[in-house]
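Below is target24.pdb, which holds PDB, C-alpha atoms, pLDDT in the B column.
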```pdb
ATOM      1  CA  LEU H 641       6.505  10.937  -1.992  1.00 80.00           C
ATOM      2  CA  TYR H 642       4.935  10.252   1.403  1.00 84.00           C
ATOM      3  CA  PRO H 643       3.560  13.800   1.795  1.00 88.00           C
ATOM      4  CA  ILE H 644       2.034  13.575  -1.690  1.00 91.00           C
ATOM      5  CA  LEU H 645       0.240  10.368  -0.732  1.00 91.00           C
ATOM      6  CA  PHE H 646      -0.981  12.047   2.457  1.00 91.00           C
ATOM      7  CA  LEU H 647      -2.241  15.044   0.473  1.00 94.00           C
ATOM      8  CA  GLY H 648      -4.062  12.649  -1.861  1.00 93.00           C
ATOM      9  CA  ALA H 649      -5.868  11.019   1.061  1.00 94.00           C
ATOM     10  CA  LEU H 650      -6.812  14.435   2.437  1.00 94.00           C
ATOM     11  CA  LEU H 651      -8.026  15.492  -1.013  1.00 95.00           C
ATOM     12  CA  LEU H 652     -10.462  12.593  -1.152  1.00 95.00           C
ATOM     13  CA  LEU H 653     -11.813  13.276   2.322  1.00 95.00           C
ATOM     14  CA  CYS H 654     -12.086  17.036   1.786  1.00 95.00           C
ATOM     15  CA  PHE H 655     -13.853  16.469  -1.520  1.00 94.00           C
ATOM     16  CA  ARG H 656     -16.330  14.169   0.160  1.00 94.00           C
ATOM     17  CA  ALA H 657     -16.933  16.635   3.006  1.00 94.00           C
ATOM     18  CA  LYS H 658     -17.109  19.599   0.584  1.00 94.00           C
ATOM     19  CA  LYS H 659     -14.209  21.310   2.349  1.00 95.00           C
ATOM     20  CA  MET H 660     -11.957  21.989  -0.609  1.00 96.00           C
ATOM     21  CA  TYR H 661     -10.875  25.407   0.708  1.00 97.00           C
ATOM     22  CA  GLU H 662      -9.274  23.683   3.699  1.00 95.00           C
ATOM     23  CA  TRP H 663      -7.485  21.255   1.385  1.00 95.00           C
ATOM     24  CA  TRP H 664      -6.084  24.130  -0.688  1.00 97.00           C
ATOM     25  CA  VAL H 665      -4.778  25.739   2.514  1.00 97.00           C
ATOM     26  CA  VAL H 666      -3.049  22.485   3.493  1.00 96.00           C
ATOM     27  CA  LEU H 667      -1.659  22.085  -0.042  1.00 96.00           C
ATOM     28  CA  LEU H 668      -0.282  25.634  -0.047  1.00 97.00           C
ATOM     29  CA  GLY H 669       1.263  25.201   3.403  1.00 96.00           C
ATOM     30  CA  GLY H 670       2.789  21.885   2.381  1.00 93.00           C
ATOM     31  CA  ALA H 671       4.157  23.296  -0.883  1.00 94.00           C
ATOM     32  CA  VAL H 672       5.733  26.289   0.863  1.00 96.00           C
ATOM     33  CA  SER H 673       7.258  24.039   3.561  1.00 94.00           C
ATOM     34  CA  TRP H 674       8.591  21.623   0.938  1.00 91.00           C
ATOM     35  CA  PHE H 675      10.116  24.484  -1.052  1.00 93.00           C
ATOM     36  CA  VAL H 676      11.768  26.073   1.986  1.00 95.00           C
ATOM     37  CA  LEU H 677      13.244  22.746   3.088  1.00 90.00           C
ATOM     38  CA  ASN H 678      14.423  21.706  -0.390  1.00 89.00           C
ATOM     39  CA  ILE H 679      15.569  24.872  -2.167  1.00 92.00           C
ATOM     40  CA  GLY H 680      19.022  24.994  -0.551  1.00 90.00           C
ATOM     41  CA  ILE H 681      19.736  21.356  -1.334  1.00 89.00           C
ATOM     42  CA  MET H 682      18.287  21.666  -4.833  1.00 89.00           C
ATOM     43  CA  LEU H 683      20.560  24.597  -5.628  1.00 91.00           C
ATOM     44  CA  ALA H 684      23.707  23.290  -3.931  1.00 93.00           C
ATOM     45  CA  TRP H 685      23.484  19.675  -5.133  1.00 91.00           C
ATOM     46  CA  THR H 686      21.114  19.692  -8.110  1.00 89.00           C
ATOM     47  CA  HIS H 687      22.482  16.537  -9.700  1.00 89.00           C
ATOM     48  CA  SER H 688      22.245  14.535  -6.477  1.00 86.00           C
ATOM     49  CA  TRP H 689      18.783  15.893  -5.688  1.00 83.00           C
ATOM     50  CA  GLU H 690      17.503  14.869  -9.133  1.00 86.00           C
ATOM     51  CA  GLU H 691      19.003  11.362  -8.838  1.00 87.00           C
ATOM     52  CA  PHE H 692      15.894   9.986  -7.119  1.00 80.00           C
ATOM     53  CA  TRP H 693      13.708  11.012 -10.072  1.00 81.00           C
ATOM     54  CA  ARG H 694      16.259   9.820 -12.630  1.00 84.00           C
ATOM     55  CA  LEU H 695      16.589   6.463 -10.901  1.00 82.00           C
ATOM     56  CA  ASN H 696      12.821   5.980 -10.800  1.00 80.00           C
ATOM     57  CA  GLN H 697      12.634   6.460 -14.573  1.00 81.00           C
ATOM     58  CA  THR H 698      15.411   4.055 -15.518  1.00 82.00           C
ATOM     59  CA  ARG H 699      15.264   1.503 -12.725  1.00 82.00           C
ATOM     60  CA  ALA H 700      13.998  -1.944 -13.657  1.00 81.00           C
ATOM     61  CA  ALA H 701      11.399  -3.747 -11.572  1.00 80.00           C
ATOM     62  CA  ASP H 702      12.842  -4.934  -8.247  1.00 81.00           C
ATOM     63  CA  TRP H 703      12.571  -8.581  -7.248  1.00 82.00           C
ATOM     64  CA  ASP H 704       9.959  -7.751  -4.581  1.00 82.00           C
ATOM     65  CA  SER H 705       7.449  -6.108  -6.922  1.00 83.00           C
ATOM     66  CA  LEU H 706       4.517  -7.564  -8.828  1.00 86.00           C
ATOM     67  CA  TRP H 707       6.080  -6.220 -12.039  1.00 83.00           C
ATOM     68  CA  PHE H 708       9.186  -8.350 -11.516  1.00 82.00           C
ATOM     69  CA  GLN H 709       6.994 -11.412 -11.081  1.00 82.00           C
ATOM     70  CA  LEU H 710       5.084 -10.556 -14.261  1.00 84.00           C
ATOM     71  CA  ASP H 711       8.369 -10.028 -16.089  1.00 81.00           C
ATOM     72  CA  LYS H 712       9.405 -13.587 -15.214  1.00 78.00           C
ATOM     73  CA  VAL H 713       6.395 -15.144 -16.980  1.00 76.00           C
ATOM     74  CA  LEU H 714       6.368 -12.966 -20.117  1.00 76.00           C
ATOM     75  CA  PRO H 715       8.004 -14.219 -23.320  1.00 76.00           C
ATOM     76  CA  THR H 716      11.486 -12.912 -24.059  1.00 76.00           C
ATOM     77  CA  HIS H 717      13.120 -11.595 -27.176  1.00 72.00           C
ATOM     78  CA  VAL H 718      16.815 -11.147 -27.910  1.00 74.00           C
ATOM     79  CA  GLY H 719      17.843  -7.502 -28.207  1.00 68.00           C
ATOM     80  CA  SER H 720      20.536  -5.984 -30.414  1.00 69.00           C
ATOM     81  CA  ASP H 721      23.032  -6.522 -27.582  1.00 70.00           C
ATOM     82  CA  GLY H 722      22.365 -10.288 -27.590  1.00 72.00           C
ATOM     83  CA  VAL H 723      20.574 -10.329 -24.220  1.00 72.00           C
ATOM     84  CA  ALA H 724      17.112 -11.863 -23.849  1.00 71.00           C
ATOM     85  CA  ARG H 725      14.560  -9.515 -22.277  1.00 71.00           C
ATOM     86  CA  THR H 726      10.801  -9.120 -22.012  1.00 74.00           C
ATOM     87  CA  VAL H 727       8.863  -6.054 -23.143  1.00 76.00           C
ATOM     88  CA  LEU H 728       9.127  -4.700 -19.575  1.00 72.00           C
ATOM     89  CA  ALA H 729      12.923  -4.449 -19.648  1.00 74.00           C
ATOM     90  CA  SER H 730      15.459  -2.563 -21.733  1.00 74.00           C
ATOM     91  CA  ALA H 731      19.248  -2.465 -21.937  1.00 68.00           C
ATOM     92  CA  THR H 732      19.233   0.529 -19.565  1.00 70.00           C
ATOM     93  CA  GLY H 733      16.761  -0.905 -17.043  1.00 72.00           C
ATOM     94  CA  ALA H 734      13.034  -0.253 -17.277  1.00 74.00           C
ATOM     95  CA  SER H 735      11.268  -0.024 -20.602  1.00 79.00           C
ATOM     96  CA  ASP H 736       8.937   2.853 -21.380  1.00 80.00           C
ATOM     97  CA  LEU H 737       6.112   0.313 -21.379  1.00 82.00           C
ATOM     98  CA  LEU H 738       6.866  -0.690 -17.772  1.00 84.00           C
ATOM     99  CA  ASN H 739       6.879   2.951 -16.639  1.00 86.00           C
ATOM    100  CA  GLU H 740       3.590   3.562 -18.446  1.00 88.00           C
ATOM    101  CA  LEU H 741       1.990   0.432 -16.953  1.00 90.00           C
ATOM    102  CA  VAL H 742       3.108   1.479 -13.477  1.00 91.00           C
ATOM    103  CA  ALA H 743       1.614   4.949 -13.963  1.00 93.00           C
ATOM    104  CA  VAL H 744      -1.658   3.661 -15.411  1.00 96.00           C
ATOM    105  CA  SER H 745      -2.089   1.019 -12.707  1.00 96.00           C
ATOM    106  CA  LEU H 746      -1.407   3.640 -10.024  1.00 95.00           C
ATOM    107  CA  VAL H 747      -4.011   5.997 -11.478  1.00 96.00           C
ATOM    108  CA  VAL H 748      -6.576   3.189 -11.816  1.00 97.00           C
ATOM    109  CA  GLY H 749      -5.908   1.994  -8.263  1.00 97.00           C
ATOM    110  CA  LEU H 750      -6.182   5.496  -6.824  1.00 96.00           C
ATOM    111  CA  GLY H 751      -9.364   6.005  -8.838  1.00 97.00           C
ATOM    112  CA  LEU H 752     -10.835   2.893  -7.234  1.00 97.00           C
ATOM    113  CA  VAL H 753      -9.862   4.194  -3.788  1.00 97.00           C
ATOM    114  CA  ALA H 754     -11.505   7.526  -4.653  1.00 96.00           C
ATOM    115  CA  VAL H 755     -14.745   5.790  -5.614  1.00 96.00           C
ATOM    116  CA  LEU H 756     -14.645   3.767  -2.407  1.00 96.00           C
ATOM    117  CA  VAL H 757     -14.051   6.863  -0.252  1.00 96.00           C
ATOM    118  CA  VAL H 758     -16.748   8.958  -1.941  1.00 94.00           C
ATOM    119  CA  ARG H 759     -19.368   6.166  -1.910  1.00 95.00           C
ATOM    120  CA  ALA H 760     -18.681   4.748   1.553  1.00 94.00           C
ATOM    121  CA  PRO H 761     -21.800   4.899   3.743  1.00 94.00           C
ATOM    122  CA  ARG H 762     -19.754   6.419   6.574  1.00 93.00           C
ATOM    123  CA  ARG H 763     -16.934   8.896   6.046  1.00 93.00           C
ATOM    124  CA  PRO H 764     -13.653   7.022   6.543  1.00 93.00           C
ATOM    125  CA  ARG H 765     -10.948   8.382   8.806  1.00 92.00           C
ATOM    126  CA  VAL H 766      -7.694   9.840   7.438  1.00 92.00           C
ATOM    127  CA  PRO H 767      -5.526   6.850   8.463  1.00 91.00           C
ATOM    128  CA  GLN H 768      -7.918   4.429   6.771  1.00 91.00           C
ATOM    129  CA  VAL H 769      -7.791   6.324   3.482  1.00 94.00           C
ATOM    130  CA  LEU H 770      -4.037   6.865   3.743  1.00 93.00           C
ATOM    131  CA  PHE H 771      -3.613   3.123   4.343  1.00 91.00           C
ATOM    132  CA  LEU H 772      -5.460   2.391   1.094  1.00 93.00           C
ATOM    133  CA  VAL H 773      -3.533   5.054  -0.844  1.00 94.00           C
ATOM    134  CA  ILE H 774      -0.168   3.754   0.387  1.00 92.00           C
ATOM    135  CA  THR H 775      -1.218   0.175  -0.368  1.00 90.00           C
ATOM    136  CA  VAL H 776      -2.134   1.071  -3.950  1.00 94.00           C
ATOM    137  CA  PHE H 777       1.173   2.916  -4.341  1.00 92.00           C
ATOM    138  CA  LEU H 778       3.161  -0.036  -3.008  1.00 89.00           C
ATOM    139  CA  LEU H 779       1.318  -2.662  -5.043  1.00 90.00           C
ATOM    140  CA  THR H 780       1.640  -0.743  -8.306  1.00 92.00           C
ATOM    141  CA  ASN H 781       5.201   0.494  -7.801  1.00 90.00           C
ATOM    142  CA  LYS H 782       8.079  -1.306  -9.485  1.00 87.00           C
ATOM    143  CA  VAL H 783      10.210  -1.036  -6.335  1.00 84.00           C
ATOM    144  CA  PHE H 784       9.482  -1.838  -2.695  1.00 80.00           C
ATOM    145  CA  SER H 785      12.135   0.029  -0.723  1.00 79.00           C
ATOM    146  CA  PRO H 786      12.618  -0.805   2.970  1.00 77.00           C
ATOM    147  CA  GLN H 787      11.468   2.657   4.086  1.00 80.00           C
ATOM    148  CA  TYR H 788       8.031   1.950   2.620  1.00 81.00           C
ATOM    149  CA  SER H 789       7.391  -0.429   5.523  1.00 78.00           C
ATOM    150  CA  LEU H 790       8.109   2.477   7.849  1.00 83.00           C
ATOM    151  CA  TRP H 791       5.512   4.550   5.994  1.00 84.00           C
ATOM    152  CA  TYR H 792       2.948   1.978   7.013  1.00 81.00           C
ATOM    153  CA  LEU H 793       3.690   1.842  10.745  1.00 81.00           C
ATOM    154  CA  PRO H 794       1.921   4.979  12.039  1.00 84.00           C
ATOM    155  CA  VAL H 795      -0.866   4.607   9.513  1.00 87.00           C
ATOM    156  CA  VAL H 796      -1.569   0.957  10.275  1.00 83.00           C
ATOM    157  CA  VAL H 797      -1.643   1.544  14.033  1.00 80.00           C
ATOM    158  CA  LEU H 798      -4.262   4.262  13.546  1.00 83.00           C
ATOM    159  CA  ALA H 799      -6.205   2.603  10.727  1.00 82.00           C
ATOM    160  CA  ILE H 800      -6.395  -0.910  12.163  1.00 76.00           C
ATOM    161  CA  PRO H 801      -6.311  -0.673  15.974  1.00 74.00           C
ATOM    162  CA  ARG H 802      -6.476  -4.438  16.501  1.00 75.00           C
ATOM    163  CA  TRP H 803      -3.193  -5.574  17.977  1.00 77.00           C
ATOM    164  CA  ARG H 804      -3.525  -9.207  16.838  1.00 82.00           C
ATOM    165  CA  LEU H 805      -3.784  -8.215  13.176  1.00 77.00           C
ATOM    166  CA  LEU H 806      -0.847  -5.852  13.593  1.00 76.00           C
ATOM    167  CA  LEU H 807       1.208  -8.538  15.309  1.00 80.00           C
ATOM    168  CA  VAL H 808       0.591 -11.018  12.480  1.00 82.00           C
ATOM    169  CA  TRP H 809       1.486  -8.379   9.923  1.00 74.00           C
ATOM    170  CA  GLN H 810       4.692  -7.451  11.749  1.00 74.00           C
ATOM    171  CA  LEU H 811       5.693 -11.106  12.030  1.00 80.00           C
ATOM    172  CA  THR H 812       5.276 -11.554   8.284  1.00 77.00           C
ATOM    173  CA  GLU H 813       7.113  -8.314   7.584  1.00 71.00           C
TER     174      GLU H 813
END
```
Could you spell out this file's structure in structure tokens?
Amino acid sequence: LYPILFLGALLLLCFRAKKMYEWWVVLLGGAVSWFVLNIGIMLAWTHSWEEFWRLNQTRAADWDSLWFQLDKVLPTHVGSDGVARTVLASATGASDLLNELVAVSLVVGLGLVAVLVVRAPRRPRVPQVLFLVITVFLLTNKVFSPQYSLWYLPVVVLAIPRWRLLLVWQLTE
């Protein structure tokens, strides 16, 4: 997903600079590279390769997400299996409603970032936009995996070159 977030940040900046041809070239190069790197694995281990996508559909909100916190304050109802759940959970993990709310909140958040990037008085730099895109993804996602913190490291160093802020962030992380 990281390259997709990066392409999204580049899309916003290329749109603002009216350089969409360059973005299409990057998209094509990225798509070809992704295909070349993934096709062998996709064909040899299709079931394992698809597991990431399957898990994202059925996985309930993790304890470190805003959705999990919301789930804890919503009223519960007892399902046919006798277990009390909220509307965000199902017997198999995530409810369709949770997946839809995650998708809608991601789109709304990215839309707000797009408005900010297009209307900013000065054109933001790539790391600044990528920082915002990753932040929206992480805040709206139902899971915060440990590797997501690693996604931030190079971006934060380039987007916020103030070592004191970075030190405080790393201490809290």
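Within the 12 Å cut-off around Ile800 of chain H, using only C-alpha atoms and omitting residues fewer than 2 positions from it on the same chain, the listed residues are Arg765, Val766, Pro767, Gln768, Val769, Leu770, Phe771, Leu772, Tyr792, Leu793, Pro794, Val795, Val796, Val797, Leu798, Arg802, Trp803, Arg804, Leu805, Leu806, Leu807 and Trp809 of chain H.
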Task: Residue nearest Leu741 of chain H among H:Val753, H:Leu650, H:Thr780, H:Arg763 (counting only C-alpha atoms) - done: H:Thr780
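This file, queried with the PyMOL selection byres ((chain H and resi 726) around 12), gives the residues Ala700, Ala701, Trp707, Phe708, Gln709, Leu710, Asp711, Lys712, Val713, Leu714, Pro715, Thr716, His717, Val718, Gly719, Val723, Ala724, Arg725, Val727, Leu728, Ala729, Ser730, Ala731, Gly733, Ala734, Ser735, Leu737 and Leu738 of chain H.
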TODO: Give me the result of the PyMOL selection byres ((chain H and resi 684-696) around 12) on this file, residue by residue, as an MDAnalysis selection string.
DONE: chainID H and resid 641 678:683 697:702 732:736 738:739 742:743 781:785
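Comparing the minimum interatomic distances between Val757 of chain H and each of H:Leu778, H:Ala799, H:Val666, H:Val773, counting all atoms listed in the file, we find that H:Val773 sits nearest.
Computed from the coordinates, the atom CA of Ser789 of chain H to atom CA of Asp704 of chain H distance equals 12.7 Å.
Between atom CA of Val776 of chain H and atom CA of Ser745 of chain H lies a distance of 8.8 Å.
Between atom CA of Leu752 of chain H and atom CA of Ala671 of chain H lies a distance of 26.1 Å.
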